[in-house]
>>> print(open('query.tsv').read())   # TSV, C-alpha atoms and all ligand atoms
chain	number	residue	atom	x	y	z
A	1	MET	CA	5.31	-32.27	15.07
A	2	THR	CA	1.76	-30.94	15.07
A	3	VAL	CA	0.98	-27.51	16.46
A	4	ASN	CA	-2.46	-26.94	17.99
A	5	VAL	CA	-3.77	-23.38	17.84
A	6	ILE	CA	-6.69	-23.09	20.22
A	7	LYS	CA	-9.02	-20.15	20.62
A	8	ILE	CA	-11.16	-19.68	23.69
A	9	GLY	CA	-14.12	-17.32	23.58
A	10	GLY	CA	-15.38	-14.67	25.96
A	11	ASN	CA	-18.34	-16.65	27.32
A	12	VAL	CA	-16.02	-19.34	28.70
A	13	ILE	CA	-13.44	-16.85	29.99
A	14	ASP	CA	-16.21	-15.04	31.85
A	15	ASN	CA	-17.20	-18.23	33.71
A	16	GLU	CA	-14.49	-19.09	36.24
A	17	ALA	CA	-15.51	-22.75	36.68
A	18	LYS	CA	-15.63	-23.35	32.91
A	19	LEU	CA	-12.36	-21.50	32.43
A	20	GLN	CA	-10.52	-23.52	35.08
A	21	LYS	CA	-11.76	-26.77	33.54
A	22	PHE	CA	-10.61	-25.64	30.12
A	23	ILE	CA	-7.19	-24.54	31.45
A	24	LYS	CA	-6.71	-27.96	33.02
A	25	ASN	CA	-7.57	-29.75	29.76
A	26	PHE	CA	-5.45	-27.39	27.68
A	27	SER	CA	-2.46	-27.82	30.02
A	28	SER	CA	-2.62	-31.59	29.65
A	29	LEU	CA	-2.33	-31.53	25.82
A	30	LYS	CA	0.92	-33.14	24.75
A	31	ASP	CA	1.62	-31.59	21.33
A	32	ARG	CA	2.95	-28.08	20.99
A	33	LYS	CA	0.17	-25.60	21.58
A	34	ILE	CA	-0.77	-21.96	21.36
A	35	LEU	CA	-3.71	-20.26	23.05
A	36	VAL	CA	-5.55	-17.24	21.69
A	37	HIS	CA	-8.15	-15.77	24.00
A	38	GLY	CA	-11.04	-13.37	23.50
A	39	GLY	CA	-12.75	-11.47	26.28
A	40	GLY	CA	-15.15	-9.17	24.47
A	41	LYS	CA	-17.83	-9.69	27.11
A	42	ILE	CA	-15.52	-8.60	29.94
A	43	ALA	CA	-14.32	-5.54	27.97
A	44	THR	CA	-17.97	-4.49	27.49
A	45	LYS	CA	-18.65	-4.90	31.21
A	46	ILE	CA	-15.59	-2.93	32.34
A	47	ALA	CA	-16.21	-0.22	29.75
A	48	ALA	CA	-19.75	0.17	31.16
A	49	ASP	CA	-18.32	0.44	34.71
A	50	LEU	CA	-16.16	3.28	33.38
A	51	HIS	CA	-19.21	4.87	31.68
A	52	ILE	CA	-17.78	4.15	28.23
A	53	GLU	CA	-20.39	3.04	25.73
A	54	THR	CA	-19.76	-0.06	23.59
A	55	LYS	CA	-20.59	0.11	19.90
A	56	MET	CA	-20.31	-3.00	17.71
A	57	VAL	CA	-20.68	-3.13	13.92
A	58	ASP	CA	-20.77	-6.57	12.22
A	59	GLY	CA	-19.36	-8.15	15.37
A	60	ARG	CA	-16.43	-5.71	15.52
A	61	ARG	CA	-15.92	-3.23	18.35
A	62	ILE	CA	-15.62	0.44	17.43
A	63	THR	CA	-12.40	1.25	19.24
A	64	ASP	CA	-11.92	4.97	19.90
A	65	GLU	CA	-9.12	6.17	22.22
A	66	PRO	CA	-10.94	5.53	25.54
A	67	MET	CA	-12.01	2.08	24.29
A	68	ARG	CA	-8.44	1.34	23.19
A	69	GLU	CA	-7.36	1.97	26.79
A	70	VAL	CA	-10.07	-0.39	28.03
A	71	VAL	CA	-9.21	-3.24	25.63
A	72	THR	CA	-5.47	-2.87	26.30
A	73	MET	CA	-6.14	-3.13	30.06
A	74	VAL	CA	-8.67	-5.91	29.79
A	75	TYR	CA	-7.18	-8.15	27.07
A	76	GLY	CA	-3.47	-7.40	27.60
A	77	GLY	CA	-3.73	-7.15	31.39
A	78	LYS	CA	-6.63	-8.65	33.31
A	79	VAL	CA	-7.59	-11.53	31.03
A	80	ASN	CA	-4.16	-12.40	29.63
A	81	LYS	CA	-2.45	-12.43	33.03
A	82	HIS	CA	-5.29	-14.36	34.65
A	83	VAL	CA	-5.07	-17.04	31.94
A	84	VAL	CA	-1.26	-17.19	32.02
A	85	SER	CA	-1.12	-17.53	35.81
A	86	ALA	CA	-3.82	-20.24	35.78
A	87	LEU	CA	-1.81	-22.13	33.13
A	88	GLN	CA	1.34	-21.83	35.22
A	89	GLN	CA	-0.59	-23.19	38.20
A	90	ASN	CA	-1.44	-26.21	36.04
A	91	GLY	CA	2.16	-26.83	35.06
A	92	CYS	CA	1.95	-25.25	31.60
A	93	ASN	CA	4.86	-22.87	30.95
A	94	ALA	CA	2.84	-20.06	29.36
A	95	ILE	CA	3.96	-16.62	28.23
A	96	GLY	CA	1.44	-13.84	27.60
A	97	LEU	CA	1.83	-11.80	24.42
A	98	SER	CA	0.14	-9.00	22.56
A	99	GLY	CA	1.03	-8.32	18.94
A	100	ALA	CA	3.36	-5.54	20.14
A	101	ASP	CA	5.54	-7.90	22.19
A	102	ALA	CA	8.60	-8.67	20.05
A	103	GLY	CA	6.49	-7.17	17.21
A	104	VAL	CA	5.03	-10.64	16.74
A	105	ILE	CA	1.71	-9.67	15.12
A	106	LEU	CA	1.87	-6.62	12.88
A	107	ALA	CA	-1.26	-4.99	11.59
A	108	GLN	CA	-2.58	-2.00	9.76
A	109	LYS	CA	-5.18	0.30	11.29
A	110	ARG	CA	-8.35	-0.44	9.37
A	111	PRO	CA	-8.85	2.24	6.70
A	112	VAL	CA	-11.91	4.43	7.22
A	113	LYS	CA	-14.60	3.65	4.64
A	114	GLU	CA	-18.32	3.84	5.45
A	115	ILE	CA	-17.44	3.04	9.04
A	116	ASP	CA	-14.60	4.32	11.17
A	117	TYR	CA	-13.68	1.38	13.40
A	118	GLY	CA	-11.02	3.47	15.13
A	119	PHE	CA	-8.06	1.55	16.52
A	120	VAL	CA	-8.92	-1.81	14.97
A	121	GLY	CA	-6.16	-3.73	13.25
A	122	ASP	CA	-6.14	-5.89	10.12
A	123	ILE	CA	-3.26	-8.33	10.47
A	124	LYS	CA	-0.44	-7.99	7.94
A	125	SER	CA	2.14	-10.44	9.26
A	126	VAL	CA	2.80	-12.94	12.03
A	127	ASN	CA	6.38	-13.74	13.02
A	128	ALA	CA	6.14	-17.53	12.88
A	129	GLY	CA	9.88	-17.92	13.53
A	130	PHE	CA	9.58	-16.15	16.87
A	131	ILE	CA	6.59	-18.29	17.86
A	132	GLU	CA	8.50	-21.44	16.85
A	133	SER	CA	11.46	-20.36	18.98
A	134	LEU	CA	9.15	-20.24	22.01
A	135	LEU	CA	7.56	-23.60	21.18
A	136	ASN	CA	11.03	-25.12	20.79
A	137	GLN	CA	11.78	-24.06	24.38
A	138	ASN	CA	8.55	-25.72	25.55
A	139	ILE	CA	6.95	-22.33	26.16
A	140	THR	CA	3.26	-21.91	25.33
A	141	PRO	CA	2.37	-18.52	23.81
A	142	VAL	CA	-0.93	-17.02	25.01
A	143	PHE	CA	-2.11	-14.27	22.70
A	144	ALA	CA	-4.42	-11.43	23.68
A	145	PRO	CA	-6.55	-10.11	20.79
A	146	LEU	CA	-4.26	-7.11	20.30
A	147	SER	CA	-2.11	-6.44	17.25
A	148	PHE	CA	0.48	-3.75	16.62
A	149	ASP	CA	0.84	-1.04	14.01
A	150	PRO	CA	4.20	0.80	14.12
A	151	GLU	CA	2.42	4.00	13.09
A	152	HIS	CA	-0.65	3.87	15.35
A	153	GLY	CA	0.43	1.62	18.23
A	154	MET	CA	-1.69	-1.07	19.89
A	155	LEU	CA	-4.76	-2.12	17.90
A	156	ASN	CA	-7.80	-4.21	18.75
A	157	THR	CA	-8.21	-7.34	16.59
A	158	ASN	CA	-10.97	-9.93	16.74
A	159	ALA	CA	-9.69	-13.01	18.58
A	160	ASP	CA	-11.08	-15.46	15.98
A	161	THR	CA	-9.13	-13.61	13.27
A	162	GLN	CA	-5.99	-13.54	15.40
A	163	ALA	CA	-6.21	-17.33	15.87
A	164	SER	CA	-6.80	-17.93	12.15
A	165	GLU	CA	-3.81	-15.75	11.18
A	166	VAL	CA	-1.48	-17.40	13.70
A	167	ALA	CA	-2.56	-20.84	12.44
A	168	ARG	CA	-2.04	-19.80	8.81
A	169	ALA	CA	1.44	-18.45	9.49
A	170	LEU	CA	2.53	-21.64	11.26
A	171	SER	CA	1.00	-23.91	8.62
A	172	GLU	CA	3.76	-22.90	6.19
A	173	ASN	CA	6.17	-25.19	8.06
A	174	HIS	CA	4.01	-27.36	10.31
A	175	GLU	CA	0.93	-29.49	10.46
A	176	VAL	CA	-1.55	-27.21	12.27
A	177	ASN	CA	-4.90	-27.84	13.91
A	178	LEU	CA	-7.09	-24.82	14.63
A	179	ILE	CA	-9.74	-25.37	17.27
A	180	TYR	CA	-12.30	-22.77	18.18
A	181	CYS	CA	-13.64	-23.55	21.65
A	182	PHE	CA	-16.79	-21.84	22.90
A	183	GLU	CA	-19.79	-22.54	25.13
A	184	LYS	CA	-21.91	-24.60	22.71
A	185	LYS	CA	-21.41	-28.13	21.36
A	186	GLY	CA	-20.54	-26.89	17.87
A	187	VAL	CA	-22.32	-25.12	15.05
A	188	LEU	CA	-25.94	-26.04	15.71
A	189	LEU	CA	-29.02	-26.40	13.52
A	190	ASN	CA	-30.90	-24.73	16.35
A	191	ALA	CA	-28.61	-22.48	18.43
A	192	ASP	CA	-30.64	-23.36	21.56
A	193	ASP	CA	-30.43	-27.14	21.11
A	194	ASP	CA	-27.07	-28.71	21.94
A	195	ASP	CA	-28.24	-31.99	20.40
A	196	SER	CA	-28.44	-30.42	16.93
A	197	VAL	CA	-24.72	-30.26	16.05
A	198	ILE	CA	-23.92	-29.94	12.33
A	199	PRO	CA	-20.99	-32.39	12.08
A	200	LYS	CA	-19.45	-30.97	8.93
A	201	LEU	CA	-19.63	-27.62	7.19
A	202	ASN	CA	-18.41	-26.86	3.67
A	203	PRO	CA	-18.81	-23.57	1.76
A	204	GLU	CA	-21.99	-24.86	0.14
A	205	ASN	CA	-24.01	-25.81	3.22
A	206	TYR	CA	-22.55	-22.79	5.07
A	207	GLU	CA	-24.10	-20.42	2.50
A	208	LYS	CA	-27.40	-22.25	2.74
A	209	TYR	CA	-27.50	-22.18	6.56
A	210	LYS	CA	-26.60	-18.49	6.53
A	211	ALA	CA	-29.37	-17.69	4.05
A	212	ASP	CA	-31.86	-19.68	6.19
A	213	GLY	CA	-30.85	-17.80	9.36
A	214	VAL	CA	-29.57	-21.00	11.02
A	215	ILE	CA	-26.11	-19.42	11.32
A	216	TYR	CA	-26.05	-15.79	12.40
A	217	ALA	CA	-24.34	-13.12	14.54
A	218	GLY	CA	-20.88	-13.95	15.96
A	219	MET	CA	-20.88	-17.36	14.27
A	220	ILE	CA	-20.58	-15.75	10.81
A	221	PRO	CA	-17.18	-14.03	11.33
A	222	LYS	CA	-16.00	-17.11	13.23
A	223	LEU	CA	-16.81	-19.35	10.26
A	224	ASP	CA	-15.37	-16.89	7.74
A	225	ASN	CA	-12.10	-17.08	9.70
A	226	ALA	CA	-12.37	-20.87	9.90
A	227	PHE	CA	-12.84	-21.27	6.12
A	228	ALA	CA	-10.00	-18.79	5.45
A	229	ALA	CA	-7.68	-20.94	7.57
A	230	VAL	CA	-8.60	-24.18	5.75
A	231	ALA	CA	-8.18	-22.47	2.37
A	232	ALA	CA	-4.72	-21.28	3.47
A	233	GLY	CA	-3.55	-24.81	4.30
A	234	VAL	CA	-4.40	-25.34	7.98
A	235	ASN	CA	-4.91	-29.11	8.30
A	236	LYS	CA	-7.86	-29.42	10.63
A	237	VAL	CA	-10.32	-26.73	11.72
A	238	ILE	CA	-12.93	-27.58	14.36
A	239	ILE	CA	-15.54	-25.57	16.25
A	240	CYS	CA	-16.51	-27.27	19.51
A	241	GLU	CA	-17.39	-26.89	23.16
A	242	ALA	CA	-14.49	-26.02	25.47
A	243	ASP	CA	-15.05	-29.32	27.33
A	244	GLN	CA	-14.44	-31.28	24.11
A	245	LEU	CA	-10.95	-29.93	23.53
A	246	GLN	CA	-9.10	-33.19	24.16
A	247	LEU	CA	-11.44	-35.19	21.96
A	248	ALA	CA	-11.11	-32.62	19.17
A	249	VAL	CA	-7.30	-32.69	19.32
A	250	GLU	CA	-6.92	-36.44	19.65
A	251	THR	CA	-9.61	-37.73	17.28
A	252	GLY	CA	-11.02	-34.76	15.39
A	253	GLU	CA	-14.41	-36.25	16.30
A	254	ALA	CA	-15.96	-33.34	18.17
A	255	GLY	CA	-18.23	-30.44	17.34
A	256	THR	CA	-18.25	-29.19	13.76
A	257	ALA	CA	-15.45	-29.88	11.28
A	258	ILE	CA	-14.79	-27.21	8.64
A	259	SER	CA	-13.75	-28.39	5.19
A	260	LEU	CA	-13.67	-27.15	1.60
A	261	THR	CA	-15.50	-30.18	0.18
A	301	LIG	N1	-25.88	-22.07	14.30
A	301	LIG	C1	-25.28	-21.64	15.42
A	301	LIG	N2	-24.75	-22.51	16.30
A	301	LIG	C2	-24.16	-22.08	17.43
A	301	LIG	N3	-24.06	-20.79	17.80
A	301	LIG	C3	-24.56	-19.86	16.96
A	301	LIG	C4	-25.18	-20.24	15.73
A	301	LIG	N4	-25.57	-19.13	15.08
A	301	LIG	C5	-25.23	-18.11	15.86
A	301	LIG	N5	-24.63	-18.51	16.98
A	301	LIG	C6	-24.16	-17.61	18.05
A	301	LIG	O1	-22.77	-17.44	17.91
A	301	LIG	C7	-22.21	-17.30	19.21
A	301	LIG	C8	-20.73	-17.58	19.13
A	301	LIG	O2	-20.08	-16.50	18.56
A	301	LIG	P1	-19.20	-15.54	19.48
A	301	LIG	O3	-20.01	-15.05	20.64
A	301	LIG	O4	-18.56	-14.55	18.62
A	301	LIG	O5	-18.15	-16.63	19.99
A	301	LIG	P2	-17.02	-16.57	21.10
A	301	LIG	O6	-17.66	-16.81	22.42
A	301	LIG	O7	-16.11	-17.67	20.72
A	301	LIG	O8	-16.40	-15.22	20.97
A	301	LIG	C9	-23.01	-18.27	20.04
A	301	LIG	O9	-22.97	-17.92	21.40
A	301	LIG	C10	-24.41	-18.14	19.46
A	301	LIG	O10	-25.14	-17.15	20.13
A	302	LIG	C1	-12.10	-5.68	16.81
A	302	LIG	C2	-12.86	-6.50	17.81
A	302	LIG	O1	-14.07	-6.58	17.75
A	302	LIG	N1	-12.16	-7.15	18.74
A	302	LIG	C3	-12.75	-7.96	19.76
A	302	LIG	C4	-11.65	-8.67	20.52
A	302	LIG	C5	-12.15	-9.56	21.63
A	302	LIG	C6	-12.81	-10.81	21.09
A	302	LIG	O2	-12.76	-11.15	19.92
A	302	LIG	O3	-13.41	-11.54	22.10
A	302	LIG	P1	-14.40	-12.79	21.94
A	302	LIG	O4	-13.65	-13.85	21.21
A	302	LIG	O5	-14.67	-13.15	23.35
A	302	LIG	O6	-15.62	-12.31	21.18
A	302	LIG	C7	-13.59	-7.10	20.73
A	302	LIG	O7	-13.08	-6.09	21.20
A	302	LIG	O8	-14.71	-7.53	21.08
>>> encode(input="query.tsv", output="structure tokens", more="lines below")
Ligand SMILES: Nc1ncnc2c1ncn2[C@@H]1O[C@H](COP(=O)(O)OP(=O)(O)O)[C@@H](O)[C@H]1O
Ligand SMILES: CC(=O)N[C@@H](CCC(=O)OP(=O)(O)O)C(=O)O
Amino acid sequence: MTVNVIKIGGNVIDNEAKLQKFIKNFSSLKDRKILVHGGGKIATKIAADLHIETKMVDGRRITDEPMREVVTMVYGGKVNKHVVSALQQNGCNAIGLSGADAGVILAQKRPVKEIDYGFVGDIKSVNAGFIESLLNQNITPVFAPLSFDPEHGMLNTNADTQASEVARALSENHEVNLIYCFEKKGVLLNADDDDSVIPKLNPENYEKYKADGVIYAGMIPKLDNAFAAVAAGVNKVIICEADQLQLAVETGEAGTAISLT
């Protein structure tokens, strides 16, 4: 049976109407499914309320000790529990997890090189067997973007990377679709024009669009994660609007498809 790994980004989570619509669509998917959520925007807002400054380098949050407390509260608490309870209200038997829960996503604190990212984790292993045991009981795992290092404790991990790594781990024994849902119709030729979707990206046109400045900012790490998943054997990788989730799962004809050719 196919497993759908779906990632939902911070701009949708931060919009209650969009989020509720997405939750309803996600809940109605028939195949086994896993949700990975972001929430970077909300973490930045709550950090500011607490007078904690946000610093990002290459789309990654510098996570010192006060910021680690913020992201643990926001991703592991506020966002994860809000999403899980909304799923339960829609009849989806969800369970919220960080990487520390059952040690399901183990990571290593990123080594300090030119930049000290602080408590940011690079994923080392995902316990696919544990995830499968939940899926086999008809339970839907909902992952916060938090991983776990036995030496350093809870670590902050980019949600796109978390989704890619979960999909890769499951693809060893299953057919896996990885769908990145966000607020735009797909990867666009002009980021402000929803009618300019690029239907298919391969490494060649990706490099060209990057060099031309068509693809920039948060879309670059998202696509790097998407290509890494395809290269590792994930069957279908799609980047689409949250509203197009069902279409993407059922037909693959939505947003931008990522392929190696
Ligand atoms: N060619 C492109 N098409 C669509 N979005 C793009 C493109 N290039 C850059 N972006 C930017 O990437 C953002 C998505 O990345 P990010 O904010 O990290 O996603 P998420 O909301 O899933 O976390 C979009 O909101 C947009 O501003
Ligand atoms: C290390 C790192 O940068 N982690 C991310 C995790 C949240 C995230 O990825 O959220 P979106 O998907 O909404 O962007 C962060 O703290 O912003």
>>> residues_near_ligand(input="query.tsv", ligand="ligand LIG 302 (chain A)", cutoff="10 Å", atoms="only C-alpha atoms and all ligand atoms", output="PDB file with C-alpha atoms, in the frame of the given file")
ATOM      1  CA  LYS A   7      -9.020 -20.150  20.620  1.00  0.00           C
ATOM      2  CA  ILE A   8     -11.160 -19.680  23.690  1.00  0.00           C
ATOM      3  CA  GLY A   9     -14.120 -17.320  23.580  1.00  0.00           C
ATOM      4  CA  GLY A  10     -15.380 -14.670  25.960  1.00  0.00           C
ATOM      5  CA  ASN A  11     -18.340 -16.650  27.320  1.00  0.00           C
ATOM      6  CA  VAL A  12     -16.020 -19.340  28.700  1.00  0.00           C
ATOM      7  CA  ILE A  13     -13.440 -16.850  29.990  1.00  0.00           C
ATOM      8  CA  ASP A  14     -16.210 -15.040  31.850  1.00  0.00           C
ATOM      9  CA  VAL A  36      -5.550 -17.240  21.690  1.00  0.00           C
ATOM     10  CA  HIS A  37      -8.150 -15.770  24.000  1.00  0.00           C
ATOM     11  CA  GLY A  38     -11.040 -13.370  23.500  1.00  0.00           C
ATOM     12  CA  GLY A  39     -12.750 -11.470  26.280  1.00  0.00           C
ATOM     13  CA  GLY A  40     -15.150  -9.170  24.470  1.00  0.00           C
ATOM     14  CA  LYS A  41     -17.830  -9.690  27.110  1.00  0.00           C
ATOM     15  CA  ILE A  42     -15.520  -8.600  29.940  1.00  0.00           C
ATOM     16  CA  ALA A  43     -14.320  -5.540  27.970  1.00  0.00           C
ATOM     17  CA  THR A  44     -17.970  -4.490  27.490  1.00  0.00           C
ATOM     18  CA  THR A  54     -19.760  -0.060  23.590  1.00  0.00           C
ATOM     19  CA  LYS A  55     -20.590   0.110  19.900  1.00  0.00           C
ATOM     20  CA  MET A  56     -20.310  -3.000  17.710  1.00  0.00           C
ATOM     21  CA  VAL A  57     -20.680  -3.130  13.920  1.00  0.00           C
ATOM     22  CA  ASP A  58     -20.770  -6.570  12.220  1.00  0.00           C
ATOM     23  CA  GLY A  59     -19.360  -8.150  15.370  1.00  0.00           C
ATOM     24  CA  ARG A  60     -16.430  -5.710  15.520  1.00  0.00           C
ATOM     25  CA  ARG A  61     -15.920  -3.230  18.350  1.00  0.00           C
ATOM     26  CA  ILE A  62     -15.620   0.440  17.430  1.00  0.00           C
ATOM     27  CA  THR A  63     -12.400   1.250  19.240  1.00  0.00           C
ATOM     28  CA  MET A  67     -12.010   2.080  24.290  1.00  0.00           C
ATOM     29  CA  ARG A  68      -8.440   1.340  23.190  1.00  0.00           C
ATOM     30  CA  VAL A  70     -10.070  -0.390  28.030  1.00  0.00           C
ATOM     31  CA  VAL A  71      -9.210  -3.240  25.630  1.00  0.00           C
ATOM     32  CA  THR A  72      -5.470  -2.870  26.300  1.00  0.00           C
ATOM     33  CA  VAL A  74      -8.670  -5.910  29.790  1.00  0.00           C
ATOM     34  CA  TYR A  75      -7.180  -8.150  27.070  1.00  0.00           C
ATOM     35  CA  ARG A 110      -8.350  -0.440   9.370  1.00  0.00           C
ATOM     36  CA  TYR A 117     -13.680   1.380  13.400  1.00  0.00           C
ATOM     37  CA  GLY A 118     -11.020   3.470  15.130  1.00  0.00           C
ATOM     38  CA  PHE A 119      -8.060   1.550  16.520  1.00  0.00           C
ATOM     39  CA  VAL A 120      -8.920  -1.810  14.970  1.00  0.00           C
ATOM     40  CA  GLY A 121      -6.160  -3.730  13.250  1.00  0.00           C
ATOM     41  CA  ASP A 122      -6.140  -5.890  10.120  1.00  0.00           C
ATOM     42  CA  ALA A 144      -4.420 -11.430  23.680  1.00  0.00           C
ATOM     43  CA  PRO A 145      -6.550 -10.110  20.790  1.00  0.00           C
ATOM     44  CA  LEU A 146      -4.260  -7.110  20.300  1.00  0.00           C
ATOM     45  CA  LEU A 155      -4.760  -2.120  17.900  1.00  0.00           C
ATOM     46  CA  ASN A 156      -7.800  -4.210  18.750  1.00  0.00           C
ATOM     47  CA  THR A 157      -8.210  -7.340  16.590  1.00  0.00           C
ATOM     48  CA  ASN A 158     -10.970  -9.930  16.740  1.00  0.00           C
ATOM     49  CA  ALA A 159      -9.690 -13.010  18.580  1.00  0.00           C
ATOM     50  CA  ASP A 160     -11.080 -15.460  15.980  1.00  0.00           C
ATOM     51  CA  THR A 161      -9.130 -13.610  13.270  1.00  0.00           C
ATOM     52  CA  GLN A 162      -5.990 -13.540  15.400  1.00  0.00           C
ATOM     53  CA  ALA A 163      -6.210 -17.330  15.870  1.00  0.00           C
ATOM     54  CA  TYR A 180     -12.300 -22.770  18.180  1.00  0.00           C
ATOM     55  CA  CYS A 181     -13.640 -23.550  21.650  1.00  0.00           C
ATOM     56  CA  PHE A 182     -16.790 -21.840  22.900  1.00  0.00           C
ATOM     57  CA  GLY A 218     -20.880 -13.950  15.960  1.00  0.00           C
ATOM     58  CA  LYS A 222     -16.000 -17.110  13.230  1.00  0.00           C
TER      59      LYS A 222
END
>>> atom_distance(input="query.tsv", atom1="atom CA of A:Gly96", atom2="atom O3 of ligand LIG 301 (chain A)")
22.6 Å
>>> closest_residue(input="query.tsv", among="A:Val187, A:Val142, A:Leu247, A:Ala231", to="ligand LIG 301 (chain A)", atoms="only C-alpha atoms and all ligand atoms")
A:Val187
>>> atom_distance(input="query.tsv", atom1="atom CA of A:Gly77", atom2="atom CA of A:Leu97")
10.1 Å
>>> closest_residue(input="query.tsv", among="A:Pro199, A:Gly233, A:Gly103, A:Pro150", to="ligand LIG 301 (chain A)", atoms="all atoms listed in the file")
A:Pro199
>>> closest_residue(input="query.tsv", among="A:Pro111, A:Pro141, A:Gly186, A:Gly252", to="ligand LIG 301 (chain A)", atoms="only C-alpha atoms and all ligand atoms")
A:Gly186
>>> closest_residue(input="query.tsv", among="A:Ser147, A:Asn15, A:Gln88, A:Ser28", to="ligand LIG 301 (chain A)", atoms="all atoms listed in the file")
A:Asn15
>>> axis_aligned_box(input="query.tsv", around="ligand LIG 301 (chain A)", padding_each_side="3 Å", output="JSON")
{"center_x": -21.0, "center_y": -18.5, "center_z": 18.4, "size_x": 15.8, "size_y": 14.0, "size_z": 14.1}
>>> residues_around(input="query.tsv", residues="A:Ser196", least_positions_apart="4", cutoff="12 Å", atoms="all atoms listed in the file", output="MDAnalysis selection string")
chainID A and resid 184:192 214 255:256
>>> decode(input="query.tsv", residues="stretch 17-31 of chain A", atoms="N, CA and C atoms", output="PDB file, in the first residue's frame")
ATOM      1  N   ALA A  17      -8.276  29.684   8.290  1.00  0.00           N
ATOM      2  CA  ALA A  17      -9.249  29.198   7.297  1.00  0.00           C
ATOM      3  C   ALA A  17      -8.570  28.222   6.336  1.00  0.00           C
ATOM      4  N   LYS A  18      -7.373  28.592   5.872  1.00  0.00           N
ATOM      5  CA  LYS A  18      -6.622  27.715   4.950  1.00  0.00           C
ATOM      6  C   LYS A  18      -6.253  26.412   5.643  1.00  0.00           C
ATOM      7  N   LEU A  19      -5.855  26.529   6.914  1.00  0.00           N
ATOM      8  CA  LEU A  19      -5.443  25.332   7.654  1.00  0.00           C
ATOM      9  C   LEU A  19      -6.619  24.365   7.813  1.00  0.00           C
ATOM     10  N   GLN A  20      -7.774  24.907   8.177  1.00  0.00           N
ATOM     11  CA  GLN A  20      -8.942  24.030   8.397  1.00  0.00           C
ATOM     12  C   GLN A  20      -9.342  23.330   7.100  1.00  0.00           C
ATOM     13  N   LYS A  21      -9.245  24.041   5.990  1.00  0.00           N
ATOM     14  CA  LYS A  21      -9.573  23.442   4.698  1.00  0.00           C
ATOM     15  C   LYS A  21      -8.594  22.304   4.383  1.00  0.00           C
ATOM     16  N   PHE A  22      -7.322  22.583   4.630  1.00  0.00           N
ATOM     17  CA  PHE A  22      -6.294  21.569   4.389  1.00  0.00           C
ATOM     18  C   PHE A  22      -6.537  20.339   5.273  1.00  0.00           C
ATOM     19  N   ILE A  23      -6.820  20.569   6.550  1.00  0.00           N
ATOM     20  CA  ILE A  23      -7.020  19.462   7.511  1.00  0.00           C
ATOM     21  C   ILE A  23      -8.178  18.573   7.042  1.00  0.00           C
ATOM     22  N   LYS A  24      -9.216  19.218   6.535  1.00  0.00           N
ATOM     23  CA  LYS A  24     -10.379  18.467   6.054  1.00  0.00           C
ATOM     24  C   LYS A  24      -9.978  17.587   4.858  1.00  0.00           C
ATOM     25  N   ASN A  25      -9.258  18.174   3.924  1.00  0.00           N
ATOM     26  CA  ASN A  25      -8.810  17.415   2.741  1.00  0.00           C
ATOM     27  C   ASN A  25      -7.856  16.291   3.137  1.00  0.00           C
ATOM     28  N   PHE A  26      -6.923  16.614   4.015  1.00  0.00           N
ATOM     29  CA  PHE A  26      -5.942  15.610   4.457  1.00  0.00           C
ATOM     30  C   PHE A  26      -6.671  14.444   5.130  1.00  0.00           C
ATOM     31  N   SER A  27      -7.629  14.774   6.005  1.00  0.00           N
ATOM     32  CA  SER A  27      -8.345  13.732   6.758  1.00  0.00           C
ATOM     33  C   SER A  27      -9.081  12.787   5.827  1.00  0.00           C
ATOM     34  N   SER A  28      -9.511  13.295   4.677  1.00  0.00           N
ATOM     35  CA  SER A  28     -10.321  12.458   3.782  1.00  0.00           C
ATOM     36  C   SER A  28      -9.463  11.551   2.877  1.00  0.00           C
ATOM     37  N   LEU A  29      -8.135  11.696   2.924  1.00  0.00           N
ATOM     38  CA  LEU A  29      -7.283  10.825   2.085  1.00  0.00           C
ATOM     39  C   LEU A  29      -7.382   9.385   2.564  1.00  0.00           C
ATOM     40  N   LYS A  30      -7.492   8.469   1.610  1.00  0.00           N
ATOM     41  CA  LYS A  30      -7.742   7.069   1.989  1.00  0.00           C
ATOM     42  C   LYS A  30      -6.460   6.287   2.319  1.00  0.00           C
ATOM     43  N   ASP A  31      -5.405   6.488   1.534  1.00  0.00           N
ATOM     44  CA  ASP A  31      -4.171   5.732   1.772  1.00  0.00           C
ATOM     45  C   ASP A  31      -3.570   6.112   3.122  1.00  0.00           C
TER      46      ASP A  31
END
